[in-house]
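Participant: Take a look at entry-v4.tsv, TSV, C-alpha atoms:
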chain	number	residue	atom	x	y	z
A	912	MET	CA	-52.01	193.11	183.64
A	913	LEU	CA	-50.06	193.89	186.79
A	914	VAL	CA	-46.25	194.24	186.56
A	915	LYS	CA	-44.61	193.28	189.84
A	916	ILE	CA	-40.86	193.25	190.60
A	917	HIS	CA	-40.09	191.11	193.66
A	918	ASN	CA	-38.04	192.59	196.49
A	919	ARG	CA	-35.64	189.69	196.67
A	920	GLY	CA	-32.50	188.55	194.89
A	921	GLU	CA	-29.99	187.31	197.46
A	922	GLY	CA	-28.58	183.79	197.49
A	923	GLY	CA	-28.15	181.08	194.87
A	924	GLY	CA	-30.26	180.03	191.92
A	925	SER	CA	-31.91	176.99	193.49
A	926	GLY	CA	-34.44	179.02	195.49
A	927	PRO	CA	-36.12	180.92	192.64
A	928	VAL	CA	-35.83	178.11	190.07
A	929	ASP	CA	-37.21	175.51	192.47
A	930	TYR	CA	-40.13	177.81	193.34
A	931	LEU	CA	-40.98	178.43	189.70
A	932	LEU	CA	-40.72	174.79	188.54
A	933	GLY	CA	-40.70	172.69	191.71
A	934	LYS	CA	-37.67	170.89	193.16
A	935	ASP	CA	-38.31	167.92	190.87
A	936	ARG	CA	-39.25	170.25	187.98
A	937	GLU	CA	-42.78	168.86	188.13
A	938	ARG	CA	-44.83	171.80	189.43
A	939	GLU	CA	-48.36	171.51	188.15
A	940	LEU	CA	-49.36	173.89	185.34
A	941	ALA	CA	-45.85	175.39	185.18
A	942	PHE	CA	-44.22	175.63	181.74
A	943	VAL	CA	-40.87	176.93	180.47
A	944	LEU	CA	-41.57	179.50	177.74
A	945	ARG	CA	-38.07	180.85	177.17
A	946	GLY	CA	-34.57	180.14	178.51
A	947	ASN	CA	-32.81	177.22	180.21
A	948	PRO	CA	-33.60	176.73	183.95
A	949	GLU	CA	-30.40	174.85	184.81
A	950	GLN	CA	-28.22	177.30	182.91
A	951	THR	CA	-29.90	180.22	184.69
A	952	LYS	CA	-29.39	178.52	188.05
A	953	GLU	CA	-25.69	177.86	187.41
A	954	LEU	CA	-25.16	181.43	186.21
A	955	ILE	CA	-26.74	182.84	189.38
A	956	ASP	CA	-24.64	180.47	191.52
A	957	SER	CA	-21.46	181.75	189.85
A	958	LEU	CA	-22.10	185.35	190.96
A	959	SER	CA	-20.88	186.96	194.18
A	960	PHE	CA	-22.89	190.19	194.18
A	961	LYS	CA	-25.06	191.25	197.10
A	962	ARG	CA	-28.10	190.57	194.90
A	963	ASN	CA	-27.44	187.88	192.32
A	964	TYR	CA	-30.77	187.94	190.49
A	965	THR	CA	-33.91	189.94	189.73
A	966	SER	CA	-37.33	188.29	189.56
A	967	GLY	CA	-40.89	189.38	188.94
A	968	VAL	CA	-44.17	188.53	187.29
A	969	LEU	CA	-46.67	189.75	184.71
A	970	SER	CA	-49.98	188.85	186.37
A	971	PHE	CA	-53.16	188.82	184.26
A	972	GLU	CA	-56.81	188.75	185.18
A	973	GLU	CA	-57.27	186.89	181.89
A	974	SER	CA	-57.02	183.11	182.28
A	975	ASP	CA	-54.87	182.79	179.14
A	976	LEU	CA	-53.54	184.70	176.11
A	977	PRO	CA	-52.55	183.66	172.56
A	978	ASP	CA	-48.94	182.48	172.29
A	979	ASN	CA	-47.91	185.32	169.96
A	980	LYS	CA	-49.19	187.91	172.44
A	981	LYS	CA	-47.25	186.21	175.26
A	982	GLN	CA	-44.05	186.37	173.19
A	983	GLU	CA	-44.61	190.05	172.37
A	984	LEU	CA	-45.19	190.93	176.03
A	985	MET	CA	-42.04	189.05	177.06
A	986	ASP	CA	-40.06	190.99	174.43
A	987	GLU	CA	-41.56	194.24	175.69
A	988	LEU	CA	-40.65	193.46	179.31
A	989	GLU	CA	-37.04	192.62	178.37
A	990	ARG	CA	-36.80	195.91	176.46
A	991	HIS	CA	-38.19	197.67	179.52
A	992	LEU	CA	-35.75	196.17	182.05
A	993	MET	CA	-32.66	195.73	179.81
A	994	SER	CA	-33.03	198.90	177.74
A	995	GLY	CA	-30.31	199.31	175.11
A	996	LEU	CA	-28.82	195.82	175.61
A	997	GLY	CA	-28.67	193.10	172.96
A	998	ALA	CA	-29.98	189.58	173.49
A	999	ASN	CA	-26.38	188.33	173.88
A	1000	GLN	CA	-25.78	190.64	176.84
A	1001	TYR	CA	-28.21	189.18	179.37
A	1002	GLU	CA	-30.01	185.98	180.41
A	1003	CYS	CA	-33.75	185.83	181.10
A	1004	LEU	CA	-35.76	182.75	182.08
A	1005	TRP	CA	-39.55	182.80	181.53
A	1006	ILE	CA	-41.90	180.40	183.34
A	1007	GLU	CA	-45.68	180.35	182.83
A	1008	HIS	CA	-48.01	179.58	185.76
A	1009	ARG	CA	-51.71	178.82	185.43
A	1010	ASP	CA	-52.36	177.15	188.78
A	1011	LYS	CA	-54.05	180.16	190.43
A	1012	ASP	CA	-57.05	180.46	188.09
A	1013	ARG	CA	-55.23	183.21	186.17
A	1014	LEU	CA	-52.22	183.59	183.86
A	1015	GLU	CA	-48.83	184.52	185.27
A	1016	LEU	CA	-45.64	185.03	183.26
A	1017	ASN	CA	-42.73	184.83	185.71
A	1018	PHE	CA	-39.25	186.06	184.80
A	1019	LEU	CA	-35.85	185.45	186.42
A	1020	ILE	CA	-32.75	187.46	185.42
A	1021	PRO	CA	-29.17	186.81	186.67
A	1022	ASN	CA	-27.72	190.21	187.60
A	1023	VAL	CA	-24.72	190.14	185.25
A	1024	GLU	CA	-23.99	191.67	181.83
A	1025	LEU	CA	-22.60	188.73	179.87
A	1026	VAL	CA	-20.08	190.54	177.62
A	1027	THR	CA	-18.22	192.62	180.22
A	1028	GLY	CA	-19.05	190.54	183.31
A	1029	LYS	CA	-20.13	193.67	185.16
A	1030	ARG	CA	-23.00	193.70	187.64
A	1031	LEU	CA	-26.37	194.32	185.97
A	1032	GLN	CA	-29.25	195.90	187.89
A	1033	PRO	CA	-32.39	195.62	185.72
A	1034	TYR	CA	-34.61	197.46	188.20
A	1035	PHE	CA	-33.90	200.02	190.92
A	1036	ASP	CA	-37.25	201.09	192.38
A	1037	ARG	CA	-36.33	204.64	193.34
A	1038	VAL	CA	-35.13	205.37	189.78
A	1039	ASP	CA	-37.19	203.00	187.63
A	1040	ARG	CA	-40.66	203.06	189.22
A	1041	SER	CA	-41.99	205.79	186.91
A	1042	ARG	CA	-40.83	203.84	183.87
A	1043	ASN	CA	-42.39	200.66	185.23
A	1044	ASP	CA	-45.75	202.37	185.91
A	1045	ALA	CA	-45.74	203.90	182.39
A	1046	PHE	CA	-44.87	200.49	180.92
A	1047	GLN	CA	-47.80	198.83	182.70
A	1048	THR	CA	-50.31	201.47	181.60
A	1049	TYR	CA	-48.98	201.51	178.02
A	1050	MET	CA	-49.04	197.72	177.62
A	1051	ASN	CA	-52.54	197.39	179.07
A	1052	GLY	CA	-53.84	199.99	176.62
A	1053	LYS	CA	-51.86	198.67	173.65
A	1054	TYR	CA	-52.94	195.03	174.10
A	1055	GLN	CA	-56.38	195.81	175.60
A	1056	LEU	CA	-55.69	194.00	178.85
A	1057	SER	CA	-57.50	194.34	182.15
A	1058	ASP	CA	-55.96	197.27	184.06
A	1059	PRO	CA	-55.63	197.00	187.86
A	1060	ASN	CA	-55.94	200.79	188.06
A	1061	ASP	CA	-59.52	200.62	186.80
A	1062	PRO	CA	-61.73	201.76	189.74
A	1063	SER	CA	-63.94	198.73	189.20
A	1064	LYS	CA	-60.90	196.52	189.88
A	1065	ASN	CA	-59.90	198.21	193.11
A	1066	ARG	CA	-59.60	195.59	195.79
A	1067	THR	CA	-61.25	196.10	199.09
A	1068	MET	CA	-58.62	193.64	200.34
A	1069	SER	CA	-54.99	193.11	199.39
A	1070	TYR	CA	-52.48	190.44	200.41
A	1071	ALA	CA	-48.92	189.31	199.86
A	1072	ALA	CA	-48.24	187.61	196.55
A	1073	ASP	CA	-46.68	184.61	198.30
A	1074	LEU	CA	-49.62	184.08	200.72
A	1075	PRO	CA	-50.57	180.35	200.66
A	1076	ASP	CA	-53.67	179.57	198.61
A	1077	ASP	CA	-55.70	178.37	201.58
A	1078	LYS	CA	-55.05	181.58	203.55
A	1079	ARG	CA	-55.75	183.75	200.52
A	1080	LYS	CA	-59.07	182.05	199.84
A	1081	MET	CA	-60.03	182.37	203.52
A	1082	ALA	CA	-59.13	186.11	203.50
A	1083	GLU	CA	-61.13	186.63	200.29
A	1084	HIS	CA	-64.11	184.85	201.85
A	1085	ILE	CA	-63.95	187.09	204.96
A	1086	THR	CA	-63.67	190.25	202.86
A	1087	ASN	CA	-66.53	189.28	200.54
A	1088	GLY	CA	-68.75	188.68	203.60
A	1089	LEU	CA	-67.84	192.08	205.07
A	1090	MET	CA	-68.47	193.84	201.73
A	1091	HIS	CA	-71.93	192.26	201.56
A	1092	MET	CA	-72.66	193.74	205.01
A	1093	VAL	CA	-71.34	197.15	203.82
A	1094	THR	CA	-73.68	197.25	200.81
A	1095	ALA	CA	-76.56	196.10	203.03
A	1096	GLY	CA	-75.94	199.02	205.36
A	1097	GLU	CA	-74.92	196.86	208.35
A	1098	ILE	CA	-71.33	198.24	208.45
A	1099	SER	CA	-70.46	201.93	208.23
A	1100	ASN	CA	-66.86	202.23	209.52
A	1101	ARG	CA	-63.81	200.28	210.72
A	1102	ASN	CA	-65.15	199.87	214.24
A	1103	ASP	CA	-68.06	197.92	212.75
A	1104	ILE	CA	-65.55	195.82	210.77
A	1105	ILE	CA	-63.63	194.95	213.95
A	1106	LYS	CA	-66.83	194.10	215.87
A	1107	SER	CA	-68.02	191.83	213.05
A	1108	LEU	CA	-64.69	189.97	212.93
A	1109	ASN	CA	-64.67	189.42	216.69
A	1110	ASP	CA	-68.30	188.24	216.69
A	1111	ASN	CA	-67.61	185.71	213.92
A	1112	GLY	CA	-64.67	183.95	215.61
A	1113	PHE	CA	-61.78	185.92	214.09
A	1114	PRO	CA	-60.48	187.97	217.06
A	1115	VAL	CA	-58.60	191.14	216.10
A	1116	VAL	CA	-55.16	191.05	217.77
A	1117	ARG	CA	-53.59	194.15	216.25
A	1118	GLU	CA	-54.67	197.40	214.59
A	1119	THR	CA	-52.59	199.83	212.52
A	1120	LYS	CA	-53.45	202.82	210.39
A	1121	LYS	CA	-53.56	200.70	207.22
A	1122	ALA	CA	-54.29	197.15	208.37
A	1123	ILE	CA	-55.89	194.73	210.83
A	1124	SER	CA	-54.37	191.44	212.08
A	1125	ILE	CA	-56.64	188.57	213.12
A	1126	ARG	CA	-56.14	185.21	214.75
A	1127	VAL	CA	-57.49	182.36	212.67
A	1128	PRO	CA	-58.50	179.24	214.64
A	1129	GLY	CA	-55.96	176.45	214.11
A	1130	GLU	CA	-53.25	178.77	212.72
A	1131	ALA	CA	-50.04	179.44	214.65
A	1132	ARG	CA	-49.41	182.80	212.98
A	1133	ASN	CA	-51.73	185.78	212.74
A	1134	THR	CA	-53.18	186.85	209.37
A	1135	ARG	CA	-52.78	190.48	208.31
A	1136	LEU	CA	-55.65	192.01	206.32
A	1137	THR	CA	-55.00	195.13	204.26
A	1138	GLY	CA	-57.17	197.07	201.87
A	1139	ALA	CA	-59.68	199.90	201.74
A	1140	ILE	CA	-62.20	198.55	204.28
A	1141	TYR	CA	-59.46	197.72	206.81
A	1142	GLU	CA	-57.98	201.22	206.92
A	1143	GLN	CA	-58.59	203.44	209.92
A	1144	SER	CA	-60.24	206.13	207.78
A	1145	PHE	CA	-62.77	203.76	206.15
A	1146	THR	CA	-66.34	205.07	206.04
A	1147	ALA	CA	-69.06	203.35	204.05
A	1148	SER	CA	-70.95	205.60	201.65
A	1149	PRO	CA	-74.57	204.86	200.67
A	1150	THR	CA	-73.62	205.61	197.08
A	1151	LEU	CA	-70.34	203.65	197.15
A	1152	ARG	CA	-71.31	201.25	194.36
A	1153	ALA	CA	-72.61	204.02	192.09
A	1154	GLU	CA	-69.42	206.08	192.62
A	1155	ILE	CA	-67.26	203.12	191.68
A	1156	GLU	CA	-69.24	202.48	188.47
A	1157	GLU	CA	-69.07	206.15	187.45
A	1158	ASN	CA	-65.30	206.32	188.01
A	1159	SER	CA	-64.82	203.11	186.03
A	1160	LYS	CA	-66.81	204.52	183.09
A	1161	ARG	CA	-64.71	207.69	183.08
A	1162	PHE	CA	-61.52	205.57	183.24
A	1163	GLY	CA	-62.58	203.67	180.12
A	1164	GLU	CA	-63.39	206.83	178.18
A	1165	GLN	CA	-59.92	208.19	178.85
A	1166	LEU	CA	-58.17	204.99	177.72
A	1167	ARG	CA	-56.70	206.35	174.46
A	1168	GLN	CA	-55.43	209.57	176.02
A	1169	ARG	CA	-53.98	207.74	179.03
A	1170	THR	CA	-52.26	205.14	176.83
A	1171	GLU	CA	-50.64	207.79	174.62
A	1172	GLN	CA	-49.35	209.75	177.60
A	1173	ALA	CA	-47.92	206.57	179.10
A	1174	ARG	CA	-46.29	205.65	175.78
A	1175	LYS	CA	-44.49	209.00	175.48
A	1176	LEU	CA	-43.23	208.85	179.07
A	1177	TYR	CA	-42.18	205.21	178.66
A	1178	GLU	CA	-40.24	205.83	175.42
A	1179	THR	CA	-38.43	208.80	176.99
A	1180	LYS	CA	-37.41	206.74	180.02
A	1181	VAL	CA	-36.30	203.84	177.81
A	1182	ARG	CA	-34.03	206.15	175.78
A	1183	GLU	CA	-32.45	207.47	178.97
A	1184	LYS	CA	-31.90	203.97	180.33
A	1185	SER	CA	-30.55	202.78	176.96
A	1186	GLU	CA	-27.92	205.53	176.89
A	1187	TYR	CA	-26.85	204.66	180.41
A	1188	ASN	CA	-26.61	200.91	179.71
A	1189	ARG	CA	-24.74	201.34	176.41
A	1190	GLU	CA	-22.17	203.58	178.07
A	1191	ARG	CA	-21.76	201.35	181.12
A	1192	TYR	CA	-21.54	198.04	179.28
A	1193	LYS	CA	-19.75	199.00	176.05
A	1194	PRO	CA	-17.01	196.44	175.17
A	1195	LYS	CA	-13.38	197.57	175.41
A	1196	VAL	CA	-12.84	196.97	171.69
A	1197	ILE	CA	-15.43	199.66	171.01
A	1198	GLU	CA	-13.60	202.05	173.32
A	1199	SER	CA	-10.32	201.39	171.44
A	1200	HIS	CA	-12.02	201.87	168.09
A	1201	ARG	CA	-13.50	205.15	169.30
A	1202	ALA	CA	-10.08	206.38	170.49
A	1203	VAL	CA	-8.52	205.61	167.10
A	1204	LYS	CA	-11.41	207.28	165.34
A	1205	ASN	CA	-11.03	210.40	167.47
A	1206	ALA	CA	-7.29	210.53	166.73
A	1207	LEU	CA	-7.96	210.28	163.00
A	1208	GLU	CA	-10.54	213.04	163.23
A	1209	ARG	CA	-8.08	215.32	165.03
A	1210	THR	CA	-5.43	214.66	162.35
A	1211	GLN	CA	-7.93	215.41	159.62
A	1212	GLN	CA	-8.83	218.67	161.32
A	1213	ARG	CA	-5.15	219.71	161.40
A	1214	VAL	CA	-4.75	218.89	157.70
A	1215	GLU	CA	-7.87	220.89	156.86
A	1216	LYS	CA	-6.53	223.80	158.92
A	1217	VAL	CA	-3.31	223.83	156.87
A	1218	ALA	CA	-5.27	223.53	153.63
A	1219	LYS	CA	-7.35	226.60	154.50
A	1220	GLN	CA	-4.26	228.84	154.60
A	1221	ASN	CA	-3.58	231.39	151.84
A	1222	PRO	CA	-2.33	229.54	148.72
A	1223	THR	CA	0.46	232.14	148.31
A	1224	ASP	CA	1.69	231.49	151.84
A	1225	ILE	CA	1.66	227.76	151.23
A	1226	GLN	CA	3.56	228.15	147.94
A	1227	SER	CA	6.21	230.30	149.61
A	1228	ARG	CA	6.77	227.54	152.15
A	1229	LEU	CA	7.32	224.86	149.50
A	1230	ASP	CA	10.94	223.71	149.69
A	1231	TYR	CA	12.43	221.34	147.15
A	1232	ARG	CA	14.88	218.88	148.68
A	1233	ASP	CA	17.09	216.13	147.34
A	1234	ILE	CA	17.03	212.95	149.38
A	1235	GLY	CA	19.19	210.42	147.64
A	1236	ASN	CA	18.22	210.49	143.98
A	1237	VAL	CA	14.64	211.48	144.67
A	1238	ARG	CA	13.50	215.10	144.41
A	1239	THR	CA	10.74	215.84	146.95
A	1240	VAL	CA	8.73	218.84	148.10
A	1241	SER	CA	8.48	219.83	151.78
A	1242	THR	CA	5.53	221.90	153.04
A	1243	GLY	CA	7.00	222.55	156.47
A	1244	LEU	CA	5.21	219.56	157.99
A	1245	GLU	CA	8.17	217.25	157.30
A	1246	ILE	CA	11.58	217.32	158.98
A	1247	SER	CA	14.09	219.54	157.18
A	1248	ASN	CA	16.41	217.62	154.82
A	1249	ASP	CA	19.35	219.84	155.85
A	1250	SER	CA	18.79	218.83	159.44
A	1251	ILE	CA	18.88	215.17	158.45
A	1252	ASN	CA	22.10	215.62	156.44
A	1253	ASN	CA	23.76	217.49	159.32
A	1254	ARG	CA	22.85	214.68	161.67
A	1255	LEU	CA	24.33	212.14	159.24
A	1256	LYS	CA	27.58	214.13	158.96
A	1257	GLU	CA	27.86	214.39	162.71
A	1258	TYR	CA	27.32	210.64	162.99
A	1259	ASP	CA	30.10	209.95	160.44
A	1260	ARG	CA	32.48	212.32	162.24
A	1261	VAL	CA	31.90	210.68	165.61
A	1262	THR	CA	32.25	207.21	164.04
A	1263	LYS	CA	35.61	208.09	162.45
A	1264	ALA	CA	36.90	209.62	165.68
A	1265	THR	CA	35.84	206.56	167.60
A	1266	SER	CA	37.58	204.24	165.10
A	1267	LEU	CA	40.82	206.26	165.33
A	1268	HIS	CA	40.68	206.23	169.10
A	1269	ASN	CA	40.16	202.46	169.09
A	1270	GLN	CA	43.20	202.00	166.79
A	1271	ASN	CA	45.38	204.06	169.11
A	1272	ILE	CA	44.26	201.94	171.99
A	1273	ARG	CA	45.17	198.78	170.06
A	1274	ASN	CA	48.66	200.23	169.29
A	1275	GLU	CA	49.25	200.83	172.99
A	1276	VAL	CA	47.90	197.53	174.14
A	1277	GLU	CA	50.39	195.21	172.37
A	1278	PRO	CA	53.65	196.70	173.83
A	1279	THR	CA	51.98	196.81	177.22
A	1280	LYS	CA	51.15	193.13	176.88
A	1281	GLN	CA	54.84	192.40	176.07
A	1282	ARG	CA	56.04	194.37	179.06
A	1283	ILE	CA	53.58	192.62	181.33
A	1284	ARG	CA	54.59	189.24	179.89
A	1285	GLY	CA	58.36	189.94	180.55
A	1286	THR	CA	57.63	191.12	184.07
A	1287	SER	CA	55.59	188.01	184.73
A	1288	GLU	CA	58.44	185.75	183.57
A	1289	SER	CA	60.97	187.62	185.76
A	1290	ILE	CA	58.69	187.25	188.75
A	1291	SER	CA	58.35	183.53	188.07
A	1292	ALA	CA	62.16	183.06	187.96
A	1293	THR	CA	62.57	185.01	191.23
A	1294	ILE	CA	59.93	182.88	192.87
A	1295	LYS	CA	61.75	179.72	191.75
A	1296	ARG	CA	65.09	180.97	193.12
A	1297	PHE	CA	63.44	182.00	196.33
A	1298	ALA	CA	61.78	178.64	196.58
A	1299	GLY	CA	65.18	176.92	196.06
A	1300	SER	CA	66.76	178.99	198.81
A	1301	ILE	CA	63.91	178.13	201.12
A	1302	GLY	CA	64.46	174.47	200.28
A	1303	ASP	CA	68.25	174.66	201.05
A	1304	TYR	CA	67.57	176.44	204.30
A	1305	ALA	CA	65.01	173.84	205.34
A	1306	THR	CA	67.44	171.01	204.58
A	1307	ALA	CA	70.17	172.68	206.69
A	1308	VAL	CA	67.82	173.11	209.62
A	1309	ILE	CA	66.78	169.50	209.48
A	1310	ARG	CA	70.43	168.35	209.32
A	1311	LEU	CA	71.39	170.52	212.26
A	1312	ALA	CA	68.63	169.02	214.34
A	1313	GLU	CA	69.85	165.53	213.56
A	1314	LEU	CA	73.42	166.37	214.56
A	1315	ARG	CA	72.26	167.81	217.85
A	1316	ARG	CA	70.35	164.69	218.60
A	1317	GLU	CA	73.51	162.70	217.94
A	1318	LYS	CA	75.42	165.04	220.23
A	1319	ARG	CA	78.20	165.41	217.75
A	1320	ILE	CA	78.29	169.08	218.48
A	1321	GLU	CA	77.44	171.02	221.58
A	1322	ARG	CA	73.91	172.39	221.97
A	1323	LYS	CA	75.35	175.76	222.79
A	1324	PRO	CA	78.85	176.03	221.30
A	1325	SER	CA	81.04	178.78	222.69
A	1326	ILE	CA	82.91	181.04	220.42
A	1327	GLY	CA	86.25	182.35	221.68
A	1328	PHE	CA	88.33	185.32	220.69
A	1329	GLY	CA	91.97	185.57	220.73
A	1330	ARG	CA	93.65	187.27	223.65
What's the structure tokens form of this structure?

Facilitator:
Amino acid sequence: MLVKIHNRGEGGGSGPVDYLLGKDRERELAFVLRGNPEQTKELIDSLSFKRNYTSGVLSFEESDLPDNKKQELMDELERHLMSGLGANQYECLWIEHRDKDRLELNFLIPNVELVTGKRLQPYFDRVDRSRNDAFQTYMNGKYQLSDPNDPSKNRTMSYAADLPDDKRKMAEHITNGLMHMVTAGEISNRNDIIKSLNDNGFPVVRETKKAISIRVPGEARNTRLTGAIYEQSFTASPTLRAEIEENSKRFGEQLRQRTEQARKLYETKVREKSEYNRERYKPKVIESHRAVKNALERTQQRVEKVAKQNPTDIQSRLDYRDIGNVRTVSTGLEISNDSINNRLKEYDRVTKATSLHNQNIRNEVEPTKQRIRGTSESISATIKRFAGSIGDYATAVIRLAELRREKRIERKPSIGFGR
């Protein structure tokens, strides 16, 4: 079994779901094993993180496995990637593929923790690679699955997982032909590989330290070939096949030891990841409960500290107080009863003083009201008299104007004085 985490995760949910099941949900030999495709798609679409999902595959050399073993491996993978989280805290869609002459269990995880709504990152290669490698080795040993690390399984050619089937089959055919020439002694290094490709109608257009790119007739894009025989340092050994078989035998003999070592490393890494996830995604109600619990523990510690004091000292601090009709005992932790009584007396004194002051104010207010009322009435009478005078004056002015118009008197009468 090979555990592969894809280096993708940006965009909406249509891309990964449509690839796994087909746009019309009719991809041949594709089956939903766990989860709801449409629900997973909608959940991914609702996110606004830089990477909205994590996807990957458990790829088997075996053509099929019993259903119970599939379920166990899916549970194991979820524990691996979502260590410490409950089933209600994440979403994981599982799709089985059997259209490539082997079994593949594909998984798709929206990158969100469902309780808190925080971003969830199931796999970060720089941190989680060692745990992933230990998981793969441990599971292959535990379930007796074909291990890609077995020397007998080492590929002389590798290719991208999403390489179209026709290109992959063509690349496998080319590599198998070259390997036959290696074992026959016709090829001894990479220069011989390049010459053979050119001679057989696959011109080499680019060389790197780890790969060769060829032009395939009828294809618009070049095909990149990677693997042991395409590396710059490749040299064919006359005993190559025997060395591979010997290494594979030794690998099988060390299976139990290797599996146990991987298990210990894996469990340690899972515990570390579980602690991190539980702390990061703990619900707020748990935080509140923990704060209350801590407060209660601190109070209990203070009580125990008092209880550990010398009994004689505690007895000497006992103080009998009367509060109302109830006789109580104070240990010094309660407020002094005398202090309470003094506060009550002070309150009564201030209340009485305030009441007396208010009464004096009321006694002063009523005569003042009477004086104000009399002054108001006097002002009103003065205003009326003044208004009457103004009215008489206005009438006289009007009458004088009329007389002047009638010329009954001179406009400017002269006033004489006796001689």

Participant: With distances taken over all atoms listed in the file, which of A:Phe960, A:Asp929, A:Lys934, A:Gly1138 is nearest to Lys1029 of chain A?

Facilitator: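 Of all the options, A:Phe960 lies closest to Lys1029 of chain A.
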
Participant: Pick the closest to Arg1040 of chain A from A:Leu996, A:Met1090, A:His991, A:Leu1056: which is it, counting all atoms listed in the file?

Facilitator: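 That would be A:His991, the residue with the smallest distance to Arg1040 of chain A.
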
Participant: Can you measure atom CA of Tyr964 of chain A to atom CA of Ala1045 of chain A for me? One decimal in Å is fine.

Facilitator: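 These atoms are spaced 23.3 Å apart.
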
Participant: Ranking A:Phe1046, A:Tyr1054, A:Tyr1034, A:Phe1162 by minimum distance to Leu1176 of chain A and counting all atoms listed in the file, which one comes first?

Facilitator: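 Smallest separation from Leu1176 of chain A among the options: A:Phe1046.
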
Participant: Work out how far atom CA of Met912 of chain A is from atom CA of His1008 of chain A, in Å to one decimal.

Facilitator: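 Calculated distance between atom CA of His1008 of chain A and atom CA of Met912 of chain A is 14.3 Å.
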
Participant: Report as a short mmCIF file (atom, residue, chain, number, x, y, z; two decimals) with C-alpha atoms, in the coordinates of the input all protein, DNA and RNA residues lying within 9 Å of Thr1048 of chain A, evaluated on only C-alpha atoms, omitting residues in the same chain fewer than 3 positions from it.

Facilitator:
data_model
loop_
_atom_site.label_atom_id
_atom_site.label_comp_id
_atom_site.auth_asym_id
_atom_site.auth_seq_id
_atom_site.Cartn_x
_atom_site.Cartn_y
_atom_site.Cartn_z
CA MET A 912 -52.01 193.11 183.64
CA ASN A 1043 -42.39 200.66 185.23
CA ASP A 1044 -45.75 202.37 185.91
CA ALA A 1045 -45.74 203.90 182.39
CA ASN A 1051 -52.54 197.39 179.07
CA GLY A 1052 -53.84 199.99 176.62
CA LYS A 1053 -51.86 198.67 173.65
CA ASP A 1058 -55.96 197.27 184.06
CA ASN A 1060 -55.94 200.79 188.06
CA ARG A 1169 -53.98 207.74 179.03
CA THR A 1170 -52.26 205.14 176.83
CA ALA A 1173 -47.92 206.57 179.10
CA ARG A 1174 -46.29 205.65 175.78
#
